[in-house]
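*Asks:* Please find data.cif (mmCIF, C-alpha atoms) on the next line:
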data_my_file
loop_
_atom_site.label_atom_id
_atom_site.label_comp_id
_atom_site.auth_asym_id
_atom_site.auth_seq_id
_atom_site.Cartn_x
_atom_site.Cartn_y
_atom_site.Cartn_z
CA MET A 23 28.88 -36.87 -4.09
CA ALA A 24 26.52 -34.93 -6.37
CA LEU A 25 24.85 -32.09 -4.46
CA PRO A 26 21.37 -30.88 -5.41
CA ALA A 27 21.26 -28.10 -7.98
CA GLN A 28 21.98 -24.59 -6.64
CA ASP A 29 19.56 -23.02 -9.14
CA GLU A 30 17.49 -23.95 -12.17
CA ARG A 31 20.44 -23.39 -14.52
CA THR A 32 22.78 -25.84 -12.77
CA VAL A 33 23.76 -28.65 -15.13
CA PRO A 34 23.01 -32.17 -13.82
CA ALA A 35 25.95 -34.19 -12.56
CA VAL A 36 27.10 -37.44 -14.14
CA VAL A 37 28.20 -39.90 -11.45
CA LEU A 38 30.76 -42.60 -12.32
CA PRO A 39 30.01 -45.36 -9.79
CA ASP A 40 32.11 -48.46 -9.04
CA LEU A 41 34.84 -47.65 -11.54
CA ASP A 42 37.19 -50.10 -9.86
CA ARG A 43 34.63 -52.93 -9.83
CA ARG A 44 33.05 -52.72 -13.27
CA PRO A 45 34.68 -54.31 -16.34
CA LEU A 46 37.20 -52.06 -18.08
CA GLU A 47 35.39 -52.32 -21.42
CA GLU A 48 32.16 -51.15 -19.80
CA THR A 49 33.81 -48.09 -18.22
CA LEU A 50 35.55 -47.28 -21.52
CA ASP A 51 32.25 -47.41 -23.39
CA GLY A 52 30.62 -45.21 -20.76
CA MET A 53 33.31 -42.54 -20.96
CA GLN A 54 33.32 -42.61 -24.78
CA ALA A 55 29.55 -42.09 -24.73
CA LEU A 56 29.98 -39.02 -22.51
CA ILE A 57 32.61 -37.59 -24.86
CA ASP A 58 30.42 -38.25 -27.90
CA HIS A 59 27.46 -36.53 -26.23
CA HIS A 60 29.15 -33.56 -24.52
CA GLY A 61 32.41 -33.13 -26.44
CA TYR A 62 34.55 -32.78 -23.29
CA VAL A 63 34.45 -34.39 -19.83
CA VAL A 64 35.79 -32.93 -16.56
CA VAL A 65 36.16 -35.58 -13.84
CA VAL A 66 36.41 -34.23 -10.29
CA TYR A 67 37.34 -36.87 -7.72
CA SER A 68 38.53 -37.02 -4.12
CA ARG A 69 41.95 -38.00 -2.80
CA ALA A 70 40.03 -40.32 -0.47
CA VAL A 71 38.81 -42.60 -3.27
CA PRO A 72 40.52 -46.01 -3.50
CA ARG A 73 43.73 -46.02 -5.55
CA LYS A 74 42.11 -48.47 -7.95
CA VAL A 75 39.59 -45.78 -8.91
CA ALA A 76 42.32 -43.24 -9.67
CA ARG A 77 44.26 -45.82 -11.69
CA ARG A 78 41.14 -46.76 -13.65
CA LEU A 79 40.50 -43.12 -14.56
CA HIS A 80 44.04 -42.68 -15.87
CA THR A 81 43.79 -46.02 -17.72
CA ILE A 82 40.56 -44.93 -19.41
CA ARG A 83 42.08 -41.63 -20.48
CA SER A 84 45.18 -43.38 -21.81
CA LEU A 85 43.37 -46.11 -23.71
CA LEU A 86 40.95 -43.66 -25.31
CA GLU A 87 43.96 -41.52 -26.27
CA SER A 88 41.74 -38.54 -25.57
CA ASP A 89 42.65 -34.92 -24.92
CA ARG A 90 38.99 -34.33 -24.16
CA ILE A 91 39.12 -35.76 -20.62
CA ALA A 92 40.35 -33.59 -17.74
CA LEU A 93 41.10 -35.34 -14.44
CA PHE A 94 41.08 -33.04 -11.42
CA GLN A 95 41.90 -34.29 -7.91
CA PRO A 96 42.28 -31.24 -5.64
CA ASP A 97 43.42 -31.42 -2.03
CA LEU A 98 39.94 -30.64 -0.72
CA PRO A 99 37.93 -32.60 1.85
CA PRO A 100 34.97 -34.47 0.33
CA LEU A 101 32.28 -31.90 1.16
CA GLY A 102 34.37 -29.05 -0.25
CA LEU A 103 34.98 -31.15 -3.34
CA ALA A 104 31.24 -31.70 -3.76
CA VAL A 105 30.69 -27.95 -3.56
CA LEU A 106 33.41 -27.31 -6.16
CA ALA A 107 31.82 -29.83 -8.52
CA ARG A 108 28.46 -28.07 -8.14
CA GLN A 109 30.05 -24.69 -8.88
CA LEU A 110 31.47 -26.11 -12.10
CA ARG A 111 28.01 -27.43 -12.94
CA GLN A 112 26.67 -23.91 -12.41
CA LEU A 113 29.30 -22.41 -14.69
CA ALA A 114 28.68 -25.07 -17.34
CA SER A 115 25.46 -23.23 -18.21
CA CYS A 116 27.43 -20.12 -19.21
CA ASP A 117 29.30 -19.17 -22.38
CA LEU A 118 32.62 -20.62 -21.22
CA GLY A 119 34.71 -22.94 -23.36
CA PRO A 120 35.63 -26.38 -21.98
CA GLY A 121 39.24 -25.37 -21.32
CA VAL A 122 38.22 -22.28 -19.34
CA LEU A 123 35.58 -24.21 -17.41
CA ALA A 124 37.99 -27.00 -16.48
CA SER A 125 40.73 -24.51 -15.58
CA ALA A 126 38.27 -22.68 -13.33
CA ALA A 127 38.36 -25.62 -10.92
CA ARG A 128 41.85 -24.63 -9.75
CA LEU A 129 40.83 -21.01 -9.34
CA LEU A 130 37.66 -21.71 -7.35
CA THR A 131 39.39 -23.97 -4.83
CA HIS A 132 41.01 -20.83 -3.37
CA TYR A 133 37.58 -19.53 -2.33
CA ILE A 134 36.46 -22.67 -0.48
CA HIS A 135 37.12 -23.03 3.25
CA SER A 136 36.71 -26.66 4.37
CA GLY A 137 36.88 -28.19 7.81
CA ALA A 138 35.21 -30.42 10.37
CA VAL A 139 34.47 -31.00 14.01
CA LEU A 140 36.09 -34.33 14.94
CA GLY A 141 35.74 -36.70 17.86
CA SER A 142 39.33 -37.84 17.31
CA VAL A 143 42.43 -36.70 15.43
CA ALA A 144 44.38 -39.90 16.04
CA ARG A 145 44.07 -40.93 12.38
CA LEU A 146 43.97 -37.48 10.79
CA ASP A 147 46.59 -37.38 8.03
CA HIS A 148 45.65 -34.28 6.04
CA VAL A 149 46.30 -31.71 8.78
CA PRO A 150 49.41 -31.53 11.02
CA VAL A 151 48.55 -32.86 14.49
CA GLY A 152 50.83 -32.16 17.45
CA LEU A 153 51.64 -34.64 20.21
CA LYS A 154 49.39 -32.84 22.70
CA ALA A 155 46.41 -33.04 20.37
CA HIS A 156 47.12 -36.72 19.74
CA ALA A 157 47.22 -37.36 23.49
CA LYS A 158 44.02 -35.38 24.15
CA SER A 159 42.35 -37.27 21.32
CA TRP A 160 42.28 -40.36 23.54
CA VAL A 161 40.44 -38.53 26.35
CA PRO A 162 36.74 -39.55 26.29
CA GLY A 163 34.49 -36.75 25.08
CA SER A 164 37.23 -34.69 23.46
CA GLN A 165 36.32 -32.82 20.29
CA PHE A 166 38.44 -30.83 17.86
CA ALA A 167 37.69 -28.10 15.33
CA VAL A 168 39.78 -28.38 12.18
CA VAL A 169 40.23 -26.43 8.96
CA ALA A 170 42.01 -28.38 6.22
CA HIS A 171 41.78 -25.86 3.38
CA PRO A 172 43.00 -23.30 2.44
CA GLU A 173 45.36 -23.21 5.47
CA PRO A 174 45.54 -25.99 8.12
CA GLN A 175 44.16 -25.10 11.55
CA LEU A 176 43.42 -27.32 14.55
CA VAL A 177 42.06 -26.36 17.99
CA ARG A 178 40.51 -28.28 20.82
CA LEU A 179 36.81 -27.52 20.99
CA ASP A 180 35.92 -25.46 24.07
CA SER A 181 34.29 -22.12 24.87
CA GLN A 182 37.36 -20.27 23.57
CA ALA A 183 37.79 -22.24 20.34
CA ALA A 184 38.13 -20.08 17.21
CA LEU A 185 39.11 -20.68 13.61
CA THR A 186 40.16 -18.12 11.02
CA GLY A 187 37.64 -18.02 8.19
CA PRO A 188 37.06 -16.24 4.88
CA ASP A 189 37.21 -12.45 4.69
CA PHE A 190 34.43 -12.30 2.10
CA ALA A 191 30.72 -13.12 2.14
CA THR A 192 29.91 -16.83 1.87
CA TRP A 193 27.32 -19.48 2.52
CA MET A 194 28.03 -22.53 4.66
CA LEU A 195 27.19 -26.17 4.03
CA VAL A 196 27.15 -28.69 6.90
CA ALA A 197 27.09 -32.50 6.74
CA ARG A 198 26.64 -34.46 9.96
CA GLY A 199 28.26 -37.78 10.75
CA ARG A 200 28.20 -39.74 14.02
CA LEU A 201 28.96 -36.80 16.30
CA GLN A 202 26.73 -34.66 18.46
CA SER A 203 27.63 -30.96 18.47
CA ASP A 204 25.92 -27.67 17.62
CA TRP A 205 29.14 -25.63 17.60
CA VAL A 206 29.25 -25.12 13.85
CA GLY A 207 25.79 -23.56 13.73
CA THR A 208 25.85 -21.63 17.01
CA ALA A 209 29.47 -20.45 17.13
CA LEU A 210 31.39 -20.90 13.90
CA ALA A 211 28.78 -19.70 11.41
CA PRO A 212 28.16 -16.41 13.28
CA ALA A 213 31.92 -15.87 13.76
CA TRP A 214 32.50 -16.34 10.03
CA ARG A 215 29.47 -14.14 9.24
CA VAL A 216 27.99 -16.58 6.78
CA GLN A 217 24.94 -15.35 4.92
CA GLY A 218 23.19 -18.69 4.75
CA LEU A 219 23.56 -22.14 6.31
CA HIS A 220 22.35 -25.34 4.67
CA GLU A 221 22.70 -29.04 5.44
CA ALA A 222 23.67 -31.92 3.17
CA LEU A 223 24.28 -35.64 3.46
CA LEU A 224 27.75 -36.64 4.56
CA PRO A 225 29.84 -37.75 1.54
CA GLU A 226 30.80 -41.43 1.48
CA GLU A 227 34.54 -40.63 1.50
CA SER A 228 34.41 -38.26 4.49
CA ALA A 229 35.12 -40.84 7.20
CA THR A 230 38.17 -42.04 5.26
CA TRP A 231 39.47 -38.53 4.56
CA TRP A 232 39.09 -37.33 8.18
CA GLY A 233 40.12 -40.61 9.78
CA THR A 234 36.92 -41.01 11.80
CA GLY A 235 33.19 -41.38 11.36
CA LYS A 236 32.57 -39.21 14.43
CA LEU A 237 32.55 -35.89 12.63
CA ILE A 238 30.56 -32.93 11.38
CA GLU A 239 31.98 -31.63 8.11
CA PHE A 240 31.50 -28.05 6.96
CA CYS A 241 32.63 -25.72 4.20
CA THR A 242 31.97 -22.17 3.06
CA TYR A 243 31.63 -21.17 -0.57
CA LEU A 244 30.43 -18.57 -3.05
CA PRO A 245 26.88 -19.54 -4.09
CA ASP A 246 26.01 -16.94 -6.71
CA LEU A 247 26.58 -17.81 -10.35
CA SER A 248 27.14 -14.15 -11.26
CA VAL A 249 30.03 -13.90 -8.77
CA LEU A 250 31.58 -17.18 -9.95
CA TYR A 251 31.31 -16.08 -13.58
CA GLN A 252 32.91 -12.71 -12.82
CA LEU A 253 35.81 -14.40 -11.03
CA VAL A 254 36.51 -16.75 -13.92
CA THR A 255 36.12 -14.22 -16.72
CA SER A 256 38.36 -11.69 -14.94
CA VAL A 257 41.38 -13.99 -15.37
CA ARG A 258 43.49 -13.61 -18.51
CA ARG A 259 42.90 -16.33 -21.08
CA SER A 260 45.40 -17.90 -23.41
CA VAL A 261 45.24 -20.45 -26.21
CA CYS A 262 46.84 -23.86 -25.64
CA HIS A 263 49.58 -24.15 -28.26
CA TRP A 264 49.03 -27.91 -28.46
CA CYS A 265 45.28 -28.53 -28.63
CA GLY A 266 44.12 -25.02 -29.46
CA ILE A 267 41.47 -24.45 -26.79
CA ASP A 268 41.15 -21.40 -24.54
CA VAL A 269 42.47 -21.92 -21.01
CA ILE A 270 43.27 -19.90 -17.90
CA GLY A 271 46.39 -20.59 -15.89
CA ASP A 272 49.77 -21.94 -16.95
CA ARG A 273 48.83 -25.47 -17.99
CA CYS A 274 46.13 -26.98 -20.19
CA VAL A 275 43.97 -29.27 -18.09
CA PHE A 276 43.09 -31.47 -21.05
CA CYS A 277 46.41 -32.15 -22.81
CA SER A 278 48.67 -31.03 -19.90
CA ALA A 279 50.74 -28.85 -22.20
CA SER A 280 52.55 -25.86 -20.72
CA PRO A 281 53.19 -22.64 -22.65
CA PRO A 282 56.35 -22.91 -24.74
CA VAL A 283 59.42 -21.13 -23.42
CA HIS A 284 60.78 -18.66 -25.93
CA GLU A 285 64.49 -18.09 -25.51
CA SER A 286 65.89 -14.66 -26.27
CA PRO A 287 68.14 -14.66 -29.33
CA VAL A 288 71.85 -14.48 -28.61
CA PRO A 289 73.30 -11.19 -29.84
CA THR A 290 75.73 -11.53 -32.72
CA GLY A 291 79.04 -9.77 -32.22
CA PHE A 292 80.96 -7.99 -34.93
CA GLY A 293 84.73 -7.86 -35.00
#
Show me this structure written as structure tokens.

*Replies:*
Amino acid sequence: MALPAQDERTVPAVVLPDLDRRPLEETLDGMQALIDHHGYVVVVYSRAVPRKVARRLHTIRSLLESDRIALFQPDLPPLGLAVLARQLRQLASCDLGPGVLASAARLLTHYIHSGAVLGSVARLDHVPVGLKAHAKSWVPGSQFAVVAHPEPQLVRLDSQAALTGPDFATWMLVARGRLQSDWVGTALAPAWRVQGLHEALLPEESATWWGTGKLIEFCTYLPDLSVLYQLVTSVRRSVCHWCGIDVIGDRCVFCSASPPVHESPVPTGFG
């Protein structure tokens, strides 16, 4: 899901629709055109997409024999993933190299809190669900408040329900499915002290990820480009020894190379 631009500098998103349905040659040509135009491509996709889509992405990268395609599939719910993709689009307008920009995706996931209000947890696979919660899930009218990232939390929704949120200033994005509840806006947002609350369309993959269409998905995030840029540029950079681009972290997101391990020389003894 491509969210609207956060500001006038946000780079437009490129959506790759129906990858598993379109002819392979067509998807190869499309990806090659993106590489030719932009130089590098960072593909952010959900764990809720069909397996055929994930396989097609890896096939495209393999057939093109390209170290200019980074595939990133974080363990974020769909709305949080959409926010992360928009943050990368914001940063793409800055003076960051492709390796640093792509590596920033891993860093920024730590600052996104993603969850949902659910009408049932019977089919929820991404958060541990106890037997009591499973049993209560079958009671008509039951609702649950869940945080999937960064740390799993699950409570039954009542007047005492509370979730641990971020300890830094954030905005909140809310996407409504087929569930009626105002708890996120009236209780959760004030408890988490969010500085702004906005609504978005529910991502197509959300019902699959959460195991139900009766949900209200939410996430908190850092909206300001200056803060995002400061976070990314404060991390030590290194040069990938294989493809030569600047990266942050311990692995190049384009060629997947790790820093070489330098063994200490064995001392030579003298008799």

*Asks:* Enumerate, in order of chain and increasing residue number, the residues of stretch 77-174 of chain A with an atom no farther than 12 Å from stretch 209-214 of chain A, each with its shortest atom pair and distance in Å to one decimal, counting only C-alpha atoms, as a tab-separated table.

*Replies:*
residue	atom	partner	partner_atom	distance
A:His135	CA	A:Trp214	CA	10.6
A:Gly137	CA	A:Leu210	CA	11.0
A:Ala138	CA	A:Leu210	CA	10.8
A:Val139	CA	A:Leu210	CA	10.6
A:Ala167	CA	A:Leu210	CA	9.7
A:Val168	CA	A:Leu210	CA	11.4
A:Val169	CA	A:Leu210	CA	11.5

*Asks:* Counting only C-alpha atoms, figure out which residue out of A:Val177, A:Leu110, A:Ala76, A:Pro34 gets nearest to A:Ser125.

*Replies:*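 Looking only at the distances to A:Ser125, the closest residue turns out to be A:Leu110.
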
*Asks:* Report the closest atom pair, with its distance in Å rounded to one decimal, for each residue of stretch 99-216 of chain A that has an atom no farther than 9 Å from stretch 231-238 of chain A; count all atoms listed in the file, sort by chain and then rising residue number, and write it as CSV.

*Replies:*
residue,atom,partner,partner_atom,distance
A:Pro99,CA,A:Trp231,CA,6.7
A:Pro100,CA,A:Trp231,CA,7.4
A:Gly137,CA,A:Ile238,CA,8.7
A:Ala138,CA,A:Ile238,CA,5.4
A:Val139,CA,A:Ile238,CA,5.1
A:Leu140,CA,A:Leu237,CA,4.5
A:Gly141,CA,A:Lys236,CA,5.3
A:Ser142,CA,A:Thr234,CA,6.8
A:Val143,CA,A:Gly233,CA,7.2
A:Ala144,CA,A:Gly233,CA,7.6
A:Arg145,CA,A:Gly233,CA,4.7
A:Leu146,CA,A:Gly233,CA,5.1
A:Asp147,CA,A:Gly233,CA,7.4
A:His148,CA,A:Trp232,CA,7.5
A:Val196,CA,A:Ile238,CA,7.0
A:Ala197,CA,A:Ile238,CA,5.8
A:Arg198,CA,A:Ile238,CA,4.4
A:Gly199,CA,A:Leu237,CA,5.1
A:Arg200,CA,A:Lys236,CA,4.4
A:Leu201,CA,A:Lys236,CA,4.7
A:Gln202,CA,A:Ile238,CA,8.2
A:Ser203,CA,A:Ile238,CA,7.9
A:Val206,CA,A:Ile238,CA,8.3

*Asks:* Considering only C-alpha atoms, can you say which of A:Ser68, A:Gln28, A:Gln165, A:Gln112 comes closest to A:Glu227?

*Replies:*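 Looking at the shortest contact to A:Glu227, the residue is A:Ser68.
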
*Asks:* Using all atoms listed in the file and a cutoff of 8 Å, can you tell me which residues are near (33.8, -28.2, -0.1) in the file's coordinates, and write them out as an NGL selection string?

*Replies:* :A and (98-106 or 134-136 or 240-243)

*Asks:* Could you tell me how far atom CA of A:Arg77 sits from atom CA of A:Val33, in Å to one decimal place?

*Replies:*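 Answer for the atom CA of A:Val33 to atom CA of A:Arg77 separation: 27.0 Å.
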
*Asks:* One decimal, Å: what's the distance from atom CA of A:Val269 over to atom CA of A:Thr131, could you say?

*Replies:*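 Separating atom CA of A:Val269 from atom CA of A:Thr131 is a distance of 16.6 Å.
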
*Asks:* Env of A:Glu87: 12 Å cut, atoms = all atoms listed in the file, seq-sep filter 3 positions within chain, self excluded. Answer as a list in words.

*Replies:* Leu50, Met53, Gln54, His80, Thr81, Ile82, Arg83, Ser84, Arg90, Ile91, Phe276 and Cys277 of chain A

*Asks:* Kindly give the distance, in Å, that separates atom CA of A:Asp89 and atom CA of A:Arg108, rounded to a single decimal.

*Replies:*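 For atom CA of A:Asp89 relative to atom CA of A:Arg108, the distance reads 23.0 Å.
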
*Asks:* Counting all atoms listed in the file, figure out which residue out of A:Asp58, A:Asp97, A:Asp204, A:Glu239 gets nearest to A:His132.

*Replies:*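 For A:His132, the nearest of the given residues is A:Asp97.
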
*Asks:* Quick one: residues within 9 Å of (20.8, -22.2, 6.7) (file frame), counting only C-alpha atoms, please, as a list in words.

*Replies:*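 Checked against the point, the hits come out as Trp193, Met194, Leu195, Gly207, Gln217, Gly218, Leu219, His220 and Glu221 of chain A.
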
*Asks:* Kindly resolve the PyMOL selection byres ((chain A and resi 263) around 10) on the present coordinates and return the residues as a PyMOL selection string.

*Replies:* chain A and resi 260-262+264-268+274+279-282

*Asks:* Output the selection as an mmCIF file, in the frame of the given file - C-alpha atoms for each residue.

*Replies:*
data_model
loop_
_atom_site.group_PDB
_atom_site.id
_atom_site.type_symbol
_atom_site.label_atom_id
_atom_site.label_comp_id
_atom_site.auth_asym_id
_atom_site.auth_seq_id
_atom_site.Cartn_x
_atom_site.Cartn_y
_atom_site.Cartn_z
ATOM 1 C CA SER A 260 45.400 -17.900 -23.410
ATOM 2 C CA VAL A 261 45.240 -20.450 -26.210
ATOM 3 C CA CYS A 262 46.840 -23.860 -25.640
ATOM 4 C CA TRP A 264 49.030 -27.910 -28.460
ATOM 5 C CA CYS A 265 45.280 -28.530 -28.630
ATOM 6 C CA GLY A 266 44.120 -25.020 -29.460
ATOM 7 C CA ILE A 267 41.470 -24.450 -26.790
ATOM 8 C CA ASP A 268 41.150 -21.400 -24.540
ATOM 9 C CA CYS A 274 46.130 -26.980 -20.190
ATOM 10 C CA ALA A 279 50.740 -28.850 -22.200
ATOM 11 C CA SER A 280 52.550 -25.860 -20.720
ATOM 12 C CA PRO A 281 53.190 -22.640 -22.650
ATOM 13 C CA PRO A 282 56.350 -22.910 -24.740
#

*Asks:* With 8 Å of padding per side, what axis-aligned box (centre and edge lengths, Å, one decimal) covers all the listed atoms of stretch 132-141 of chain A? Give it as AutoDock Vina command-line options.

*Replies:*
--center_x 37.7 --center_y -28.1 --center_z 7.2 --size_x 22.5 --size_y 33.2 --size_z 37.2
